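So this one's coords_7.cif, mmCIF, N, CA and C atoms and all ligand atoms:
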```cif
data_start
#
loop_
_atom_site.group_PDB
_atom_site.id
_atom_site.type_symbol
_atom_site.label_atom_id
_atom_site.label_comp_id
_atom_site.auth_asym_id
_atom_site.auth_seq_id
_atom_site.Cartn_x
_atom_site.Cartn_y
_atom_site.Cartn_z
ATOM 1 N N MET Q 1 14.389 -51.432 57.530
ATOM 2 C CA MET Q 1 14.039 -50.817 56.244
ATOM 3 C C MET Q 1 15.053 -51.204 55.165
ATOM 4 N N THR Q 2 14.598 -51.216 53.965
ATOM 5 C CA THR Q 2 15.513 -51.478 52.850
ATOM 6 C C THR Q 2 15.622 -50.251 51.970
ATOM 7 N N SER Q 3 16.810 -50.007 51.501
ATOM 8 C CA SER Q 3 17.003 -48.873 50.601
ATOM 9 C C SER Q 3 17.379 -49.382 49.223
ATOM 10 N N LEU Q 4 16.548 -49.068 48.260
ATOM 11 C CA LEU Q 4 16.833 -49.501 46.895
ATOM 12 C C LEU Q 4 17.575 -48.408 46.149
ATOM 13 N N LYS Q 5 18.619 -48.829 45.465
ATOM 14 C CA LYS Q 5 19.380 -47.858 44.689
ATOM 15 C C LYS Q 5 19.210 -48.135 43.196
ATOM 16 N N MET Q 6 19.151 -47.088 42.441
ATOM 17 C CA MET Q 6 19.070 -47.261 41.001
ATOM 18 C C MET Q 6 20.442 -47.644 40.461
ATOM 19 N N GLY Q 7 20.426 -48.445 39.429
ATOM 20 C CA GLY Q 7 21.682 -48.730 38.763
ATOM 21 C C GLY Q 7 22.367 -49.995 39.212
ATOM 22 N N VAL Q 8 21.790 -50.709 40.171
ATOM 23 C CA VAL Q 8 22.381 -51.982 40.544
ATOM 24 C C VAL Q 8 22.116 -53.005 39.454
ATOM 25 N N ARG Q 9 23.015 -53.962 39.377
ATOM 26 C CA ARG Q 9 22.913 -54.937 38.305
ATOM 27 C C ARG Q 9 21.960 -56.061 38.708
ATOM 28 N N ALA Q 10 20.806 -56.103 38.099
ATOM 29 C CA ALA Q 10 19.846 -57.157 38.378
ATOM 30 C C ALA Q 10 20.050 -58.308 37.411
ATOM 31 N N PRO Q 11 19.572 -59.490 37.772
ATOM 32 C CA PRO Q 11 19.645 -60.601 36.829
ATOM 33 C C PRO Q 11 18.906 -60.258 35.544
ATOM 34 N N PRO Q 12 19.476 -60.627 34.406
ATOM 35 C CA PRO Q 12 18.821 -60.311 33.134
ATOM 36 C C PRO Q 12 17.481 -61.017 33.033
ATOM 37 N N THR Q 13 16.501 -60.338 32.473
ATOM 38 C CA THR Q 13 15.159 -60.906 32.393
ATOM 39 C C THR Q 13 14.989 -61.810 31.184
ATOM 40 N N THR Q 14 15.987 -61.816 30.308
ATOM 41 C CA THR Q 14 15.931 -62.723 29.164
ATOM 42 C C THR Q 14 17.275 -63.422 28.997
ATOM 43 N N ALA Q 15 17.244 -64.552 28.306
ATOM 44 C CA ALA Q 15 18.470 -65.271 27.985
ATOM 45 C C ALA Q 15 18.306 -65.879 26.602
ATOM 46 N N VAL Q 16 19.424 -66.316 26.023
ATOM 47 C CA VAL Q 16 19.361 -66.938 24.708
ATOM 48 C C VAL Q 16 19.362 -68.454 24.864
ATOM 49 N N CYS Q 17 18.419 -69.103 24.220
ATOM 50 C CA CYS Q 17 18.295 -70.552 24.320
ATOM 51 C C CYS Q 17 19.512 -71.240 23.707
ATOM 52 N N PRO Q 18 20.127 -72.152 24.452
ATOM 53 C CA PRO Q 18 21.298 -72.876 23.928
ATOM 54 C C PRO Q 18 20.914 -73.865 22.830
ATOM 55 N N ASN Q 19 19.658 -74.209 22.748
ATOM 56 C CA ASN Q 19 19.213 -75.185 21.745
ATOM 57 C C ASN Q 19 18.886 -74.529 20.409
ATOM 58 N N CYS Q 20 18.011 -73.512 20.445
ATOM 59 C CA CYS Q 20 17.510 -72.960 19.187
ATOM 60 C C CYS Q 20 17.819 -71.473 19.030
ATOM 61 N N ARG Q 21 18.552 -70.901 19.984
ATOM 62 C CA ARG Q 21 18.963 -69.494 19.893
ATOM 63 C C ARG Q 21 17.795 -68.520 19.948
ATOM 64 N N SER Q 22 16.669 -68.975 20.424
ATOM 65 C CA SER Q 22 15.543 -68.066 20.581
ATOM 66 C C SER Q 22 15.624 -67.383 21.936
ATOM 67 N N GLU Q 23 14.719 -66.458 22.152
ATOM 68 C CA GLU Q 23 14.728 -65.721 23.397
ATOM 69 C C GLU Q 23 14.027 -66.516 24.482
ATOM 70 N N MET Q 24 14.646 -66.539 25.653
ATOM 71 C CA MET Q 24 14.036 -67.215 26.785
ATOM 72 C C MET Q 24 13.535 -66.182 27.780
ATOM 73 N N ALA Q 25 12.435 -66.519 28.432
ATOM 74 C CA ALA Q 25 11.863 -65.598 29.413
ATOM 75 C C ALA Q 25 11.962 -66.189 30.807
ATOM 76 N N VAL Q 26 12.072 -65.317 31.805
ATOM 77 C CA VAL Q 26 12.151 -65.776 33.193
ATOM 78 C C VAL Q 26 10.806 -66.326 33.629
ATOM 79 N N THR Q 27 10.826 -67.520 34.191
ATOM 80 C CA THR Q 27 9.585 -68.101 34.692
ATOM 81 C C THR Q 27 9.568 -68.193 36.207
ATOM 82 N N GLN Q 28 10.764 -68.195 36.811
ATOM 83 C CA GLN Q 28 10.802 -68.350 38.263
ATOM 84 C C GLN Q 28 12.089 -67.772 38.830
ATOM 85 N N VAL Q 29 11.953 -67.052 39.942
ATOM 86 C CA VAL Q 29 13.121 -66.562 40.662
ATOM 87 C C VAL Q 29 13.012 -67.008 42.112
ATOM 88 N N MET Q 30 14.005 -67.762 42.550
ATOM 89 C CA MET Q 30 13.955 -68.266 43.918
ATOM 90 C C MET Q 30 15.261 -67.995 44.635
ATOM 91 N N PRO Q 31 15.183 -67.437 45.845
ATOM 92 C CA PRO Q 31 16.406 -67.291 46.645
ATOM 93 C C PRO Q 31 16.908 -68.656 47.087
ATOM 94 N N ILE Q 32 18.220 -68.826 47.050
ATOM 95 C CA ILE Q 32 18.808 -70.101 47.475
ATOM 96 C C ILE Q 32 19.078 -70.038 48.975
ATOM 97 N N LEU Q 33 18.544 -71.001 49.681
ATOM 98 C CA LEU Q 33 18.690 -71.003 51.127
ATOM 99 C C LEU Q 33 20.134 -71.228 51.537
ATOM 100 N N PHE Q 34 20.486 -70.629 52.662
ATOM 101 C CA PHE Q 34 21.802 -70.811 53.278
ATOM 102 C C PHE Q 34 22.949 -70.280 52.429
ATOM 103 N N THR Q 35 22.656 -69.391 51.508
ATOM 104 C CA THR Q 35 23.718 -68.743 50.748
ATOM 105 C C THR Q 35 23.590 -67.239 50.917
ATOM 106 N N ASP Q 36 24.647 -66.533 50.603
ATOM 107 C CA ASP Q 36 24.667 -65.093 50.802
ATOM 108 C C ASP Q 36 24.072 -64.351 49.612
ATOM 109 N N GLY Q 37 22.754 -64.242 49.607
ATOM 110 C CA GLY Q 37 22.101 -63.433 48.588
ATOM 111 C C GLY Q 37 22.157 -64.004 47.191
ATOM 112 N N LEU Q 38 22.237 -65.311 47.086
ATOM 113 C CA LEU Q 38 22.208 -65.917 45.755
ATOM 114 C C LEU Q 38 20.773 -66.225 45.353
ATOM 115 N N GLU Q 39 20.499 -66.025 44.081
ATOM 116 C CA GLU Q 39 19.171 -66.334 43.566
ATOM 117 C C GLU Q 39 19.270 -67.307 42.411
ATOM 118 N N SER Q 40 18.322 -68.233 42.376
ATOM 119 C CA SER Q 40 18.228 -69.157 41.255
ATOM 120 C C SER Q 40 17.144 -68.660 40.307
ATOM 121 N N VAL Q 41 17.545 -68.379 39.061
ATOM 122 C CA VAL Q 41 16.611 -67.850 38.078
ATOM 123 C C VAL Q 41 16.373 -68.903 36.991
ATOM 124 N N THR Q 42 15.094 -69.219 36.771
ATOM 125 C CA THR Q 42 14.746 -70.213 35.754
ATOM 126 C C THR Q 42 14.201 -69.520 34.508
ATOM 127 N N TYR Q 43 14.786 -69.873 33.358
ATOM 128 C CA TYR Q 43 14.328 -69.341 32.079
ATOM 129 C C TYR Q 43 13.638 -70.450 31.294
ATOM 130 N N LYS Q 44 12.683 -70.035 30.462
ATOM 131 C CA LYS Q 44 12.031 -71.011 29.595
ATOM 132 C C LYS Q 44 11.990 -70.486 28.178
ATOM 133 N N CYS Q 45 12.328 -71.359 27.238
ATOM 134 C CA CYS Q 45 12.359 -70.972 25.836
ATOM 135 C C CYS Q 45 10.945 -70.923 25.266
ATOM 136 N N ARG Q 46 10.696 -69.918 24.453
ATOM 137 C CA ARG Q 46 9.370 -69.800 23.855
ATOM 138 C C ARG Q 46 9.193 -70.762 22.684
ATOM 139 N N GLU Q 47 10.299 -71.140 22.073
ATOM 140 C CA GLU Q 47 10.210 -71.962 20.866
ATOM 141 C C GLU Q 47 10.230 -73.448 21.170
ATOM 142 N N CYS Q 48 11.302 -73.912 21.806
ATOM 143 C CA CYS Q 48 11.441 -75.354 22.029
ATOM 144 C C CYS Q 48 11.083 -75.757 23.459
ATOM 145 N N ARG Q 49 10.752 -74.781 24.270
ATOM 146 C CA ARG Q 49 10.263 -75.020 25.635
ATOM 147 C C ARG Q 49 11.279 -75.691 26.560
ATOM 148 N N SER Q 50 12.522 -75.586 26.228
ATOM 149 C CA SER Q 50 13.521 -76.107 27.146
ATOM 150 C C SER Q 50 13.728 -75.108 28.275
ATOM 151 N N GLU Q 51 14.193 -75.605 29.401
ATOM 152 C CA GLU Q 51 14.389 -74.744 30.556
ATOM 153 C C GLU Q 51 15.853 -74.646 30.918
ATOM 154 N N LEU Q 52 16.182 -73.516 31.525
ATOM 155 C CA LEU Q 52 17.565 -73.238 31.884
ATOM 156 C C LEU Q 52 17.571 -72.550 33.243
ATOM 157 N N THR Q 53 18.432 -73.009 34.120
ATOM 158 C CA THR Q 53 18.515 -72.396 35.442
ATOM 159 C C THR Q 53 19.886 -71.766 35.635
ATOM 160 N N ARG Q 54 19.882 -70.534 36.059
ATOM 161 C CA ARG Q 54 21.133 -69.834 36.324
ATOM 162 C C ARG Q 54 21.120 -69.274 37.734
ATOM 163 N N THR Q 55 22.302 -69.043 38.255
ATOM 164 C CA THR Q 55 22.419 -68.500 39.607
ATOM 165 C C THR Q 55 23.043 -67.116 39.549
ATOM 166 N N PHE Q 56 22.412 -66.189 40.252
ATOM 167 C CA PHE Q 56 22.916 -64.823 40.275
ATOM 168 C C PHE Q 56 23.071 -64.329 41.699
ATOM 169 N N GLN Q 57 23.961 -63.368 41.855
ATOM 170 C CA GLN Q 57 24.061 -62.670 43.128
ATOM 171 C C GLN Q 57 22.943 -61.643 43.180
ATOM 172 N N SER Q 58 22.181 -61.701 44.228
ATOM 173 C CA SER Q 58 21.094 -60.748 44.361
ATOM 174 C C SER Q 58 21.634 -59.333 44.517
ATOM 175 N N PRO Q 59 21.094 -58.373 43.735
ATOM 176 C CA PRO Q 59 21.606 -57.001 43.807
ATOM 177 C C PRO Q 59 21.266 -56.310 45.108
ATOM 178 N N GLY Q 60 20.336 -56.859 45.854
ATOM 179 C CA GLY Q 60 19.916 -56.201 47.077
ATOM 180 C C GLY Q 60 20.809 -56.511 48.270
ATOM 181 N N SER Q 61 21.643 -57.526 48.141
ATOM 182 C CA SER Q 61 22.448 -57.953 49.279
ATOM 183 C C SER Q 61 23.870 -57.464 49.166
ATOM 184 N N LYS Q 62 24.455 -57.195 50.299
ATOM 185 C CA LYS Q 62 25.854 -56.783 50.326
ATOM 186 C C LYS Q 62 26.588 -57.602 51.375
ATOM 187 N N PRO Q 63 27.103 -58.740 50.982
ATOM 188 C CA PRO Q 63 27.782 -59.607 51.958
ATOM 189 C C PRO Q 63 28.994 -58.931 52.571
ATOM 190 N N ALA Q 64 29.182 -59.143 53.853
ATOM 191 C CA ALA Q 64 30.356 -58.679 54.566
ATOM 192 C C ALA Q 64 30.476 -57.153 54.663
ATOM 193 N N ASP Q 65 29.385 -56.483 54.322
ATOM 194 C CA ASP Q 65 29.422 -55.028 54.401
ATOM 195 C C ASP Q 65 28.425 -54.491 55.418
ATOM 196 N N LEU Q 66 27.599 -55.379 55.936
ATOM 197 C CA LEU Q 66 26.624 -54.963 56.911
ATOM 198 C C LEU Q 66 27.058 -55.363 58.305
ATOM 199 N N PRO Q 67 26.922 -54.482 59.263
ATOM 200 C CA PRO Q 67 27.286 -54.827 60.646
ATOM 201 C C PRO Q 67 26.305 -55.857 61.203
ATOM 202 N N MET Q 68 26.850 -56.873 61.850
ATOM 203 C CA MET Q 68 25.989 -57.885 62.450
ATOM 204 C C MET Q 68 25.346 -57.309 63.712
ATOM 205 N N THR Q 69 24.087 -57.626 63.906
ATOM 206 C CA THR Q 69 23.402 -57.112 65.086
ATOM 207 C C THR Q 69 23.022 -58.248 66.014
HETATM 208 ZN ZN ZN N 101 14.838 -73.033 22.422
#
```

I need this file expressed as structure tokens, please.
Ligand SMILES: [Zn+2]
Amino acid sequence: MTSLKMGVRAPPTTAVCPNCRSEMAVTQVMPILFTDGLESVTYKCRECRSELTRTFQSPGSKPADLPMT
């Protein structure tokens, strides 16, 4: 089972475009394989349509805090 807690820091759903300073929206969120709860988040600009990929620590994971089974 998973327990979700309120107040954890999730990846921001918007970003500022480095090209035109417009608002970018998330188009894709993908977990990165073989890493400890890292997620790759892709943003796309509404104005100039450029894309930006950022990596975040997934709020649902707690590395080194869970007992191995
Ligand atoms: Zn832009």

Review point. When distances are computed from all atoms listed in the file, which of Q:Asn19, Q:Thr13, Q:Thr42, Q:Thr53 shows the smallest separation from ligand ZN 101 (chain N)?
Key: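 Going through Q:Asn19, Q:Thr13, Q:Thr42, Q:Thr53 one by one, the smallest distance to ligand ZN 101 (chain N) is for Q:Asn19.
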
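In this model, the gap between CA of Arg46 (chain Q) and CA of Pro18 (chain Q) comes to 12.3 Å.
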
**Study point:** Reference answer for the PyMOL selection byres (((not hetatm) and name CA) within 8 of (chain N and resi 101)), as a VMD selection string
**Key:** chain Q and resid 16 to 24 44 to 50

Using the selection just defined, write its residues with N, CA and C atoms as a short mmCIF file (atom, residue, chain, number, x, y, z; two decimals), in the frame of the given file.
```cif
data_model
loop_
_atom_site.label_atom_id
_atom_site.label_comp_id
_atom_site.auth_asym_id
_atom_site.auth_seq_id
_atom_site.Cartn_x
_atom_site.Cartn_y
_atom_site.Cartn_z
N VAL Q 16 19.42 -66.32 26.02
CA VAL Q 16 19.36 -66.94 24.71
C VAL Q 16 19.36 -68.45 24.86
N CYS Q 17 18.42 -69.10 24.22
CA CYS Q 17 18.30 -70.55 24.32
C CYS Q 17 19.51 -71.24 23.71
N PRO Q 18 20.13 -72.15 24.45
CA PRO Q 18 21.30 -72.88 23.93
C PRO Q 18 20.91 -73.86 22.83
N ASN Q 19 19.66 -74.21 22.75
CA ASN Q 19 19.21 -75.18 21.74
C ASN Q 19 18.89 -74.53 20.41
N CYS Q 20 18.01 -73.51 20.44
CA CYS Q 20 17.51 -72.96 19.19
C CYS Q 20 17.82 -71.47 19.03
N ARG Q 21 18.55 -70.90 19.98
CA ARG Q 21 18.96 -69.49 19.89
C ARG Q 21 17.80 -68.52 19.95
N SER Q 22 16.67 -68.97 20.42
CA SER Q 22 15.54 -68.07 20.58
C SER Q 22 15.62 -67.38 21.94
N GLU Q 23 14.72 -66.46 22.15
CA GLU Q 23 14.73 -65.72 23.40
C GLU Q 23 14.03 -66.52 24.48
N MET Q 24 14.65 -66.54 25.65
CA MET Q 24 14.04 -67.22 26.78
C MET Q 24 13.54 -66.18 27.78
N LYS Q 44 12.68 -70.04 30.46
CA LYS Q 44 12.03 -71.01 29.60
C LYS Q 44 11.99 -70.49 28.18
N CYS Q 45 12.33 -71.36 27.24
CA CYS Q 45 12.36 -70.97 25.84
C CYS Q 45 10.94 -70.92 25.27
N ARG Q 46 10.70 -69.92 24.45
CA ARG Q 46 9.37 -69.80 23.86
C ARG Q 46 9.19 -70.76 22.68
N GLU Q 47 10.30 -71.14 22.07
CA GLU Q 47 10.21 -71.96 20.87
C GLU Q 47 10.23 -73.45 21.17
N CYS Q 48 11.30 -73.91 21.81
CA CYS Q 48 11.44 -75.35 22.03
C CYS Q 48 11.08 -75.76 23.46
N ARG Q 49 10.75 -74.78 24.27
CA ARG Q 49 10.26 -75.02 25.64
C ARG Q 49 11.28 -75.69 26.56
N SER Q 50 12.52 -75.59 26.23
CA SER Q 50 13.52 -76.11 27.15
C SER Q 50 13.73 -75.11 28.28
#
```

Review point. Which neighbours of Pro11 (chain Q) fall inside 8 Å, counting all atoms listed in the file, when residues of the same chain fewer than 6 positions from it are skipped, and could you give them as a ChimeraX atom specification?
Key: /Q:41,55-59

Review point. Could you state the separation of atom N of Glu51 (chain Q) and CA of Asp36 (chain Q) in Å, given to one decimal place?
Key: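 That distance, rounded to one decimal, is 26.0 Å.
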
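Note that the spacing between CA of Thr14 (chain Q) and CA of Gly37 (chain Q) amounts to 20.4 Å.
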
**Study point:** Residues within 8 Å of (13.4, -66.7, 44.1), file coords, only N, CA and C atoms, listed as a list in words
**Key:**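 Protein, DNA and RNA residues close to (13.4, -66.7, 44.1): Gln28, Val29, Met30, Pro31, Ile32, Leu38, Glu39, Ser40, Val41 and Thr42 of chain Q.
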